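Student: So I've got this file, structure-v6.txt, and it contains compact mmCIF, C-alpha atoms:
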```txt
# COMPACT_ATOMS: atom_id res chain seq x y z
CA MET J 1 94.58 126.88 100.68
CA ILE J 2 92.01 124.52 102.24
CA ASN J 3 89.42 125.47 99.62
CA TYR J 4 92.01 124.88 96.91
CA ILE J 5 92.82 121.39 98.26
CA LEU J 6 89.13 120.46 98.61
CA ARG J 7 88.41 121.71 95.09
CA ARG J 8 91.25 119.63 93.67
CA ILE J 9 90.06 116.53 95.55
CA LEU J 10 86.50 116.98 94.22
CA ILE J 11 87.83 117.36 90.68
CA SER J 12 89.83 114.15 91.15
CA ILE J 13 86.74 112.04 91.90
CA PRO J 14 85.30 111.98 88.34
CA LEU J 15 88.84 111.53 87.02
CA LEU J 16 89.29 108.41 89.19
CA ILE J 17 85.92 107.07 88.03
CA GLY J 18 86.92 107.55 84.40
CA ILE J 19 90.30 105.86 84.97
CA SER J 20 88.63 102.93 86.74
CA ILE J 21 86.17 102.44 83.85
CA VAL J 22 88.88 102.56 81.18
CA SER J 23 91.17 100.26 83.20
CA PHE J 24 88.43 97.71 83.84
CA VAL J 25 87.43 97.64 80.18
CA ILE J 26 91.05 97.27 79.00
CA ILE J 27 91.83 94.32 81.27
CA GLN J 28 88.68 92.62 79.99
CA LEU J 29 89.66 92.96 76.31
CA PRO J 30 91.89 89.84 75.97
CA PRO J 31 89.91 86.71 75.05
CA GLY J 32 88.96 84.35 77.85
CA ASP J 33 88.97 84.91 81.60
CA PHE J 34 90.32 83.32 84.76
CA ALA J 35 87.87 80.45 84.35
CA SER J 36 89.54 79.67 81.03
CA ALA J 37 92.88 79.34 82.81
CA TYR J 38 91.15 77.20 85.44
CA GLN J 39 89.74 74.97 82.71
CA SER J 40 93.17 74.58 81.15
CA TYR J 41 94.61 73.64 84.55
CA LEU J 42 91.94 70.97 85.07
CA MET J 43 92.61 69.46 81.65
CA ASN J 44 96.42 69.56 81.69
CA GLN J 45 97.31 69.18 85.37
CA ALA J 46 94.35 67.37 86.91
CA ASN J 47 93.82 65.24 83.75
CA LEU J 48 90.05 65.80 83.72
CA PRO J 49 88.15 65.12 80.49
CA ALA J 50 87.44 68.19 78.38
CA GLU J 51 83.70 68.10 79.02
CA GLU J 52 84.08 67.90 82.81
CA ALA J 53 86.72 70.67 82.80
CA GLU J 54 84.44 72.91 80.70
CA LYS J 55 81.50 72.22 83.03
CA ALA J 56 83.61 73.08 86.08
CA ALA J 57 84.81 76.28 84.39
CA ASN J 58 81.24 77.33 83.58
CA GLU J 59 80.21 76.74 87.19
CA TYR J 60 83.19 78.83 88.28
CA ARG J 61 82.06 81.68 86.01
CA LYS J 62 78.54 81.53 87.39
CA THR J 63 79.72 81.44 91.02
CA TYR J 64 81.94 84.53 90.70
CA GLY J 65 79.86 86.43 88.15
CA LEU J 66 82.32 86.14 85.29
CA ASP J 67 79.45 85.25 82.96
CA ARG J 68 77.84 88.65 83.56
CA PRO J 69 78.27 91.61 81.14
CA VAL J 70 81.31 93.80 81.65
CA TYR J 71 79.31 96.79 82.84
CA GLU J 72 77.58 94.65 85.48
CA GLN J 73 80.91 93.25 86.70
CA TYR J 74 82.27 96.80 86.92
CA TYR J 75 79.22 98.04 88.81
CA ARG J 76 79.48 95.23 91.39
CA TRP J 77 83.22 95.88 91.76
CA ILE J 78 83.00 99.66 92.19
CA LYS J 79 79.94 99.32 94.48
CA GLY J 80 81.92 96.99 96.74
CA ILE J 81 84.77 99.52 96.93
CA VAL J 82 82.50 102.47 97.76
CA THR J 83 80.06 100.77 100.16
CA GLU J 84 82.17 98.05 101.78
CA GLY J 85 85.76 99.05 101.08
CA LYS J 86 86.35 95.72 99.32
CA PHE J 87 88.30 95.54 96.06
CA GLY J 88 86.91 92.17 95.03
CA TYR J 89 88.10 88.60 95.32
CA SER J 90 91.39 87.34 93.90
CA PHE J 91 90.80 84.08 92.06
CA ALA J 92 94.49 83.21 91.95
CA TYR J 93 95.40 84.10 95.55
CA LYS J 94 92.04 83.01 97.05
CA GLN J 95 91.99 86.17 99.12
CA ASP J 96 90.40 89.61 99.26
CA VAL J 97 92.19 91.99 96.89
CA GLY J 98 92.16 94.76 99.48
CA GLU J 99 94.12 92.57 101.90
CA LEU J 100 96.66 91.74 99.21
CA ILE J 101 97.13 95.41 98.33
CA ALA J 102 97.34 96.46 101.99
CA GLU J 103 100.04 93.85 102.56
CA ARG J 104 102.22 94.79 99.59
CA LEU J 105 101.53 98.49 99.07
CA PRO J 106 103.86 99.68 101.91
CA ARG J 107 106.75 97.77 100.28
CA THR J 108 106.03 99.33 96.90
CA LEU J 109 105.78 102.81 98.43
CA PHE J 110 109.05 102.28 100.30
CA LEU J 111 110.89 101.29 97.11
CA ALA J 112 109.34 104.03 94.98
CA THR J 113 109.80 106.74 97.63
CA ALA J 114 113.44 105.80 98.25
CA ALA J 115 114.13 105.86 94.51
CA HIS J 116 112.27 109.17 94.23
CA LEU J 117 114.28 110.83 97.01
CA ILE J 118 117.60 109.56 95.67
CA SER J 119 116.80 110.60 92.10
CA THR J 120 115.71 114.07 93.20
CA LEU J 121 118.68 114.70 95.50
CA PHE J 122 121.38 113.46 93.12
CA GLY J 123 119.62 114.85 90.05
CA VAL J 124 119.38 118.36 91.51
CA VAL J 125 122.97 118.36 92.78
CA ILE J 126 124.39 117.10 89.46
CA GLY J 127 122.16 119.55 87.55
CA ILE J 128 123.47 122.50 89.62
CA TYR J 129 127.06 121.42 89.02
CA SER J 130 126.48 121.00 85.27
CA ALA J 131 124.82 124.40 84.92
CA THR J 132 127.53 126.21 86.89
CA HIS J 133 130.30 124.40 84.97
CA LYS J 134 128.79 124.68 81.51
CA TYR J 135 130.63 122.74 78.76
CA SER J 136 133.29 121.52 81.19
CA LEU J 137 134.42 117.89 81.32
CA GLY J 138 132.10 117.25 84.27
CA ASP J 139 129.16 118.80 82.40
CA ASN J 140 129.83 116.70 79.31
CA LEU J 141 130.12 113.51 81.36
CA SER J 142 126.88 114.37 83.17
CA THR J 143 125.14 114.95 79.84
CA VAL J 144 126.30 111.55 78.56
CA PHE J 145 125.09 109.96 81.80
CA ALA J 146 121.72 111.69 81.40
CA PHE J 147 121.26 110.38 77.85
CA ILE J 148 122.14 106.85 78.96
CA GLY J 149 119.87 107.10 82.01
CA THR J 150 116.85 108.22 79.99
CA ALA J 151 117.42 105.74 77.15
CA ALA J 152 118.47 102.54 78.94
CA PRO J 153 115.54 100.12 79.46
CA ARG J 154 115.19 99.47 83.17
CA PHE J 155 114.12 95.87 82.75
CA PHE J 156 117.39 95.28 80.86
CA LEU J 157 119.37 96.86 83.71
CA ALA J 158 117.48 94.61 86.12
CA ILE J 159 118.41 91.52 84.09
CA ILE J 160 122.08 92.54 84.17
CA LEU J 161 121.91 93.04 87.94
CA VAL J 162 120.25 89.66 88.44
CA TYR J 163 123.06 88.03 86.46
CA LEU J 164 125.72 89.80 88.51
CA LEU J 165 124.06 89.20 91.88
CA VAL J 166 123.08 85.57 91.38
CA ILE J 167 125.61 84.15 88.92
CA ARG J 168 128.72 86.21 89.58
CA TRP J 169 128.52 87.33 93.18
CA LYS J 170 126.38 84.46 94.56
CA VAL J 171 124.25 86.81 96.66
CA PRO J 172 121.55 84.86 98.59
CA TYR J 173 117.91 85.89 98.97
CA VAL J 174 117.87 88.34 96.05
CA ASN J 175 114.07 88.21 95.72
CA ARG J 176 113.33 88.93 99.40
CA PHE J 177 113.00 92.09 101.45
CA THR J 178 114.93 90.64 104.39
CA SER J 179 117.08 87.69 105.32
CA PRO J 180 115.17 84.78 106.91
CA ILE J 181 116.44 85.64 110.40
CA TYR J 182 114.72 89.06 110.19
CA SER J 183 111.45 87.89 108.58
CA PHE J 184 109.42 88.02 111.79
CA ALA J 185 111.75 90.20 113.88
CA PRO J 186 110.58 93.65 115.02
CA MET J 187 111.98 96.66 113.22
CA SER J 188 115.45 97.61 114.37
CA TRP J 189 118.51 99.30 112.92
CA ALA J 190 120.00 95.92 111.98
CA LYS J 191 116.79 94.90 110.20
CA PHE J 192 116.60 98.26 108.40
CA VAL J 193 120.17 97.83 107.13
CA ASP J 194 119.30 94.29 106.04
CA ILE J 195 116.27 95.63 104.12
CA LEU J 196 118.49 98.17 102.33
CA LEU J 197 120.99 95.42 101.44
CA HIS J 198 118.18 93.44 99.80
CA THR J 199 116.28 96.28 98.13
CA TRP J 200 119.07 98.49 96.80
CA PRO J 201 118.97 96.91 93.29
CA VAL J 202 115.32 97.90 92.80
CA ILE J 203 115.91 101.37 94.26
CA ALA J 204 119.00 101.93 92.11
CA ILE J 205 117.29 100.79 88.89
CA ALA J 206 114.12 102.80 89.54
CA GLY J 207 116.10 105.90 90.51
CA PHE J 208 118.70 105.71 87.74
CA GLY J 209 116.49 107.19 85.07
CA GLY J 210 115.03 109.67 87.55
CA ILE J 211 118.47 111.06 88.33
CA ALA J 212 119.05 111.66 84.63
CA ARG J 213 115.68 113.36 84.17
CA ASN J 214 115.99 115.59 87.22
CA MET J 215 119.53 116.49 86.22
CA ARG J 216 118.44 117.61 82.74
CA VAL J 217 115.49 119.61 84.09
CA MET J 218 117.57 121.30 86.80
CA ARG J 219 120.41 122.11 84.42
CA GLY J 220 118.10 123.71 81.88
CA ASN J 221 116.17 125.68 84.52
CA LEU J 222 119.29 126.98 86.23
CA LEU J 223 120.89 128.03 82.94
CA ASP J 224 117.78 130.08 82.15
CA VAL J 225 117.75 131.67 85.60
CA LEU J 226 121.48 132.52 85.48
CA ASN J 227 120.78 134.59 82.37
CA ALA J 228 117.93 136.50 84.03
CA GLN J 229 118.24 140.22 84.69
CA TYR J 230 117.90 140.00 88.48
CA VAL J 231 120.88 137.61 88.59
CA THR J 232 122.90 140.08 86.52
CA THR J 233 121.84 142.82 88.95
CA ALA J 234 122.91 140.73 91.94
CA ARG J 235 126.32 140.21 90.35
CA SER J 236 126.65 143.90 89.56
CA LYS J 237 126.15 144.66 93.25
CA GLY J 238 129.34 142.76 93.96
CA LEU J 239 127.79 139.69 95.56
CA ARG J 240 129.95 136.61 95.60
CA GLU J 241 129.15 134.05 92.89
CA ASN J 242 128.28 131.35 95.44
CA LYS J 243 125.76 133.67 97.09
CA VAL J 244 124.26 134.65 93.74
CA ILE J 245 123.81 131.01 92.78
CA ASN J 246 122.65 129.61 96.14
CA LYS J 247 120.45 132.50 97.30
CA HIS J 248 119.03 133.92 94.07
CA ALA J 249 119.37 131.45 91.21
CA VAL J 250 118.87 127.96 92.69
CA PRO J 251 115.67 128.71 94.72
CA ASN J 252 113.93 130.05 91.62
CA ALA J 253 115.24 127.23 89.43
CA LEU J 254 113.75 124.71 91.87
CA HIS J 255 110.15 125.78 91.18
CA PRO J 256 109.81 123.77 87.94
CA ILE J 257 111.53 120.83 89.67
CA ILE J 258 108.90 120.89 92.42
CA MET J 259 106.11 121.03 89.85
CA TYR J 260 107.83 118.21 87.96
CA GLN J 261 107.77 115.93 91.01
CA GLY J 262 104.06 115.30 90.63
CA THR J 263 104.60 113.79 87.19
CA VAL J 264 107.82 111.95 88.04
CA LEU J 265 106.16 109.88 90.78
CA PRO J 266 104.50 107.49 88.31
CA TYR J 267 107.86 107.23 86.54
CA MET J 268 109.38 105.99 89.81
CA LEU J 269 106.48 103.57 90.30
CA GLN J 270 106.97 102.32 86.75
CA GLY J 271 110.67 101.81 87.39
CA GLU J 272 109.90 99.94 90.61
CA LEU J 273 107.38 97.82 88.71
CA GLU J 274 109.86 96.79 86.01
CA ALA J 275 112.72 96.07 88.41
CA ALA J 276 110.54 94.27 90.97
CA ILE J 277 109.04 92.00 88.30
CA VAL J 278 112.47 90.95 87.03
CA LEU J 279 113.83 90.50 90.58
CA ASN J 280 110.52 88.94 91.74
CA MET J 281 110.36 91.13 94.84
CA PRO J 282 107.27 90.64 97.07
CA SER J 283 105.74 94.01 96.16
CA LEU J 284 102.67 94.94 94.12
CA ALA J 285 104.50 94.67 90.79
CA PRO J 286 104.85 90.86 90.44
CA MET J 287 101.30 90.42 91.72
CA PHE J 288 100.04 92.83 89.06
CA TYR J 289 101.98 91.03 86.33
CA ASN J 290 100.67 87.63 87.41
CA SER J 291 97.11 89.00 87.52
CA LEU J 292 97.42 90.18 83.91
CA VAL J 293 98.74 86.80 82.78
CA SER J 294 96.02 84.86 84.60
CA GLN J 295 93.33 87.52 83.96
CA ASP J 296 92.65 87.96 87.66
CA ILE J 297 90.60 91.06 86.87
CA TYR J 298 89.93 92.41 90.35
CA VAL J 299 93.63 92.33 91.27
CA SER J 300 94.52 94.18 88.05
CA GLY J 301 91.71 96.69 88.50
CA GLY J 302 92.56 97.32 92.15
CA PHE J 303 96.23 97.78 91.29
CA LEU J 304 95.47 100.33 88.55
CA LEU J 305 93.03 102.19 90.79
CA VAL J 306 95.55 102.44 93.64
CA TYR J 307 98.27 103.64 91.25
CA SER J 308 95.86 106.25 89.88
CA VAL J 309 95.19 107.52 93.41
CA LEU J 310 98.94 107.75 94.05
CA LEU J 311 99.43 109.69 90.80
CA ILE J 312 96.69 112.18 91.62
CA ALA J 313 97.93 112.52 95.21
CA GLY J 314 101.47 113.12 93.96
CA ASN J 315 100.32 115.90 91.65
CA LEU J 316 98.22 117.46 94.43
CA ILE J 317 101.15 117.44 96.88
CA ALA J 318 103.43 118.96 94.23
CA ASP J 319 100.92 121.75 93.54
CA ILE J 320 100.55 122.49 97.26
CA VAL J 321 104.32 122.62 97.84
CA LEU J 322 104.76 124.83 94.77
CA ALA J 323 102.06 127.20 96.05
CA LEU J 324 103.83 127.41 99.43
CA VAL J 325 107.27 128.20 98.01
CA ASP J 326 106.13 130.48 95.18
CA PRO J 327 103.78 133.33 96.23
CA ARG J 328 103.11 134.12 92.57
CA ILE J 329 100.98 130.97 92.26
CA LYS J 330 97.27 131.78 92.15
CA LEU J 331 95.07 129.31 94.05
CA ASN J 332 91.87 130.41 92.33
```
The structure in this file should be written as structure tokens.

Tutor:
Amino acid sequence: MINYILRRILISIPLLIGISIVSFVIIQLPPGDFASAYQSYLMNQANLPAEEAEKAANEYRKTYGLDRPVYEQYYRWIKGIVTEGKFGYSFAYKQDVGELIAERLPRTLFLATAAHLISTLFGVVIGIYSATHKYSLGDNLSTVFAFIGTAAPRFFLAIILVYLLVIRWKVPYVNRFTSPIYSFAPMSWAKFVDILLHTWPVIAIAGFGGIARNMRVMRGNLLDVLNAQYVTTARSKGLRENKVINKHAVPNALHPIIMYQGTVLPYMLQGELEAAIVLNMPSLAPMFYNSLVSQDIYVSGGFLLVYSVLLIAGNLIADIVLALVDPRIKLN
């Protein structure tokens, strides 16, 4: 098992390098750079003449290396990550990108993990019910829910929730993780409940589609397993239907669900990203969006690199768990 994990980690290294190169090139494709936005600010907000604003922007490019070729900028960025653990400098936030990510990443992981757990739990339970009550009213309603959950745009659901929370229900502090009284308070049960009261919209929106997906996967898997010969044999022995389902069918139907978890993690992160941007939650998502708008390249590149690491780690964990629960999996 250890050799398998080490081999997978070594294989992931060139994959991460390739993703970082592609990401860095893509975020450099739009015309202009952060200095262009800085020049526009000097002209429109500071009322500087065009020539002085252009001169200041050129000096800005030279100071931060934005006038260098793309490959040289990438080399300096990736060298700083490997040798110094620094993700570059954020032009917009005037701060090290690594510090920004370290501050906001735990919030993003909390939201995505909570949505992931909820979507898996409810999706599996609803999928088991649908498969064991095939073509019943509950199964049909679950199928309709699954189609809506997979088709509904999450940013649209977030807009509806913002309207309800702010306009209709007058809920304060929608775009915060906690109420002001808990901002600097140590973690306690009251603060944890307050965090849930503020973050449930993002968790619900991110997990909504995941519930639908897990439900469809679990329903299809369990229906296939219930038609297997060993299930028919278990029934012919006179075992109760609940025991046949819970002991023989469900454990084997869970294997594809476990394998599926590695690919569903980025789906949860994407859902958190969409909902957090609309709700303007202080997680990585709004910072990433703002960095794309302002072409703050090191923030965008660091964000994409961290998300890539999470995706690869999620797939690795899913493979390890699947190997532990299914002895038929070959590790070589």

Student: Pick from J:Leu322, J:Val25, J:Ala56, J:Leu121: nearest to Gln39 in chain J, with all atoms listed in the file counted?

Tutor: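 Smallest separation from Gln39 in chain J among the options: J:Ala56.
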
Student: Determine, for each residue of range 215-274 of chain J having at least one atom at most 6 Å from an atom of range 205-210 of chain J, the closest pair of atoms and their separation in Å to one decimal, counting only C-alpha atoms; order by chain and ascending number, as a tab-separated table.

Tutor:
```
residue	atom	partner	partner_atom	distance
J:Met268	CA	J:Ala206	CA	5.7
J:Gly271	CA	J:Ala206	CA	4.2
J:Glu272	CA	J:Ala206	CA	5.2
```

Student: Write the residues you've just listed into a file as a JSON list (two decimals), keeping the file's coordinate frame, and include C-alpha atoms for each of them.

Tutor:
```json
[["chain", "number", "residue", "atom", "x", "y", "z"],
["J", 268, "MET", "CA", 109.38, 105.99, 89.81],
["J", 271, "GLY", "CA", 110.67, 101.81, 87.39],
["J", 272, "GLU", "CA", 109.90, 99.94, 90.61]]
```

Student: Of the candidates J:Arg176, J:Ala37, J:Val231, J:Ile78, which shows the shortest atom-to-atom distance to Ile19 in chain J, using only C-alpha atoms?

Tutor: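 Looking at the shortest contact to Ile19 in chain J, the residue is J:Ile78.
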
Student: Can you tell me, as an MDAnalysis selection string, what residues are no more than 10 Å from Tyr71 in chain J when counting only C-alpha atoms, ignoring any on the same chain fewer than 5 positions away?

Tutor: chainID J and resid 21 24:25 76:77

Student: Which is closer to Leu161 in chain J than all the others in J:Val225, J:Leu254, J:Ala112, J:Ala275, using all atoms listed in the file?

Tutor: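 Counting all atoms listed in the file, the residue closest to Leu161 in chain J is J:Ala275.
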
Student: Which residues are near range 163-165 of chain J? Cut-off 12 Å, all atoms listed in the file, ignore same chain within fewer than 2 positions. Put them as an NGL selection string.

Tutor: :J and (156-161 or 167-175 or 197-198 or 200-201 or 278-279)

Student: Output C-alpha atoms for every residue in that selection, as an mmCIF file, in the coordinates of the input.

Tutor:
```cif
data_model
loop_
_atom_site.group_PDB
_atom_site.id
_atom_site.type_symbol
_atom_site.label_atom_id
_atom_site.label_comp_id
_atom_site.auth_asym_id
_atom_site.auth_seq_id
_atom_site.Cartn_x
_atom_site.Cartn_y
_atom_site.Cartn_z
ATOM 1 C CA PHE J 156 117.390 95.280 80.860
ATOM 2 C CA LEU J 157 119.370 96.860 83.710
ATOM 3 C CA ALA J 158 117.480 94.610 86.120
ATOM 4 C CA ILE J 159 118.410 91.520 84.090
ATOM 5 C CA ILE J 160 122.080 92.540 84.170
ATOM 6 C CA LEU J 161 121.910 93.040 87.940
ATOM 7 C CA ILE J 167 125.610 84.150 88.920
ATOM 8 C CA ARG J 168 128.720 86.210 89.580
ATOM 9 C CA TRP J 169 128.520 87.330 93.180
ATOM 10 C CA LYS J 170 126.380 84.460 94.560
ATOM 11 C CA VAL J 171 124.250 86.810 96.660
ATOM 12 C CA PRO J 172 121.550 84.860 98.590
ATOM 13 C CA TYR J 173 117.910 85.890 98.970
ATOM 14 C CA VAL J 174 117.870 88.340 96.050
ATOM 15 C CA ASN J 175 114.070 88.210 95.720
ATOM 16 C CA LEU J 197 120.990 95.420 101.440
ATOM 17 C CA HIS J 198 118.180 93.440 99.800
ATOM 18 C CA TRP J 200 119.070 98.490 96.800
ATOM 19 C CA PRO J 201 118.970 96.910 93.290
ATOM 20 C CA VAL J 278 112.470 90.950 87.030
ATOM 21 C CA LEU J 279 113.830 90.500 90.580
#
```

Student: Using only C-alpha atoms, can you tell me which of J:Thr199, J:Gln295, J:Asn315, J:Thr113 comes closest to Asp33 in chain J?

Tutor: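 Closest candidate: J:Gln295.
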
Student: In Å, rounded to a single decimal, give me how far CA of Leu6 in chain J is from CA of Ala323 in chain J.

Tutor: 14.8 Å

Student: So for range 85-92 of chain J, what box centre and size do we get, axis-aligned, 8 Å extra on each of the six sides, every listed atom, Å to one decimal, as AutoDock Vina command-line options?

Tutor:
```
--center_x 90.1 --center_y 91.1 --center_z 96.5 --size_x 24.7 --size_y 31.8 --size_z 25.1
```

Student: Between J:Tyr182, J:Tyr60, J:Tyr267, J:Tyr74, single out the one closest to Ser23 in chain J, counting all atoms listed in the file.

Tutor: J:Tyr74

Student: Check the smallest atom-to-atom distance from each of J:Val193, J:Ala151, J:Leu48, J:Ala131 to Leu226 in chain J using all atoms listed in the file, then report the winner.

Tutor: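 Closest residue, counting all atoms listed in the file: J:Ala131.
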
Student: Would you mind reading off the distance between CA of Val293 in chain J and CA of Lys55 in chain J, one decimal, in Å?

Tutor: 22.6 Å

Student: How many Å lie between CA of Ala190 in chain J and CA of Pro282 in chain J, rounded to one decimal?

Tutor: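 CA of Pro282 in chain J lies at a distance of 20.3 Å from CA of Ala190 in chain J.
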
Student: Determine, counting all atoms listed in the file, every residue of protein, DNA or RNA that lies within 12 Å of (106.1, 99.8, 99.4) in the file coordinates, then give the result as an MDAnalysis selection string.

Tutor: chainID J and resid 101:115 177 195 199 202:203 268:269 272:273 276 281:285 307 310

Student: From (129.6, 115.8, 82.2), in the file's coordinates, out to 12 Å: which residues are reached, counting all atoms listed in the file? Answer as a PyMOL selection string.

Tutor: chain J and resi 126-147+212+215-216+219

Student: Put those residues in a file: C-alpha atoms, as a PDB file, keeping the file's coordinate frame.

Tutor:
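And here's again_3.pdb as it stands now:
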```pdb
ATOM      1  CA  ILE J 126     124.390 117.100  89.460  1.00  0.00           C
ATOM      2  CA  GLY J 127     122.160 119.550  87.550  1.00  0.00           C
ATOM      3  CA  ILE J 128     123.470 122.500  89.620  1.00  0.00           C
ATOM      4  CA  TYR J 129     127.060 121.420  89.020  1.00  0.00           C
ATOM      5  CA  SER J 130     126.480 121.000  85.270  1.00  0.00           C
ATOM      6  CA  ALA J 131     124.820 124.400  84.920  1.00  0.00           C
ATOM      7  CA  THR J 132     127.530 126.210  86.890  1.00  0.00           C
ATOM      8  CA  HIS J 133     130.300 124.400  84.970  1.00  0.00           C
ATOM      9  CA  LYS J 134     128.790 124.680  81.510  1.00  0.00           C
ATOM     10  CA  TYR J 135     130.630 122.740  78.760  1.00  0.00           C
ATOM     11  CA  SER J 136     133.290 121.520  81.190  1.00  0.00           C
ATOM     12  CA  LEU J 137     134.420 117.890  81.320  1.00  0.00           C
ATOM     13  CA  GLY J 138     132.100 117.250  84.270  1.00  0.00           C
ATOM     14  CA  ASP J 139     129.160 118.800  82.400  1.00  0.00           C
ATOM     15  CA  ASN J 140     129.830 116.700  79.310  1.00  0.00           C
ATOM     16  CA  LEU J 141     130.120 113.510  81.360  1.00  0.00           C
ATOM     17  CA  SER J 142     126.880 114.370  83.170  1.00  0.00           C
ATOM     18  CA  THR J 143     125.140 114.950  79.840  1.00  0.00           C
ATOM     19  CA  VAL J 144     126.300 111.550  78.560  1.00  0.00           C
ATOM     20  CA  PHE J 145     125.090 109.960  81.800  1.00  0.00           C
ATOM     21  CA  ALA J 146     121.720 111.690  81.400  1.00  0.00           C
ATOM     22  CA  PHE J 147     121.260 110.380  77.850  1.00  0.00           C
ATOM     23  CA  ALA J 212     119.050 111.660  84.630  1.00  0.00           C
ATOM     24  CA  MET J 215     119.530 116.490  86.220  1.00  0.00           C
ATOM     25  CA  ARG J 216     118.440 117.610  82.740  1.00  0.00           C
ATOM     26  CA  ARG J 219     120.410 122.110  84.420  1.00  0.00           C
TER      27      ARG J 219
END
```
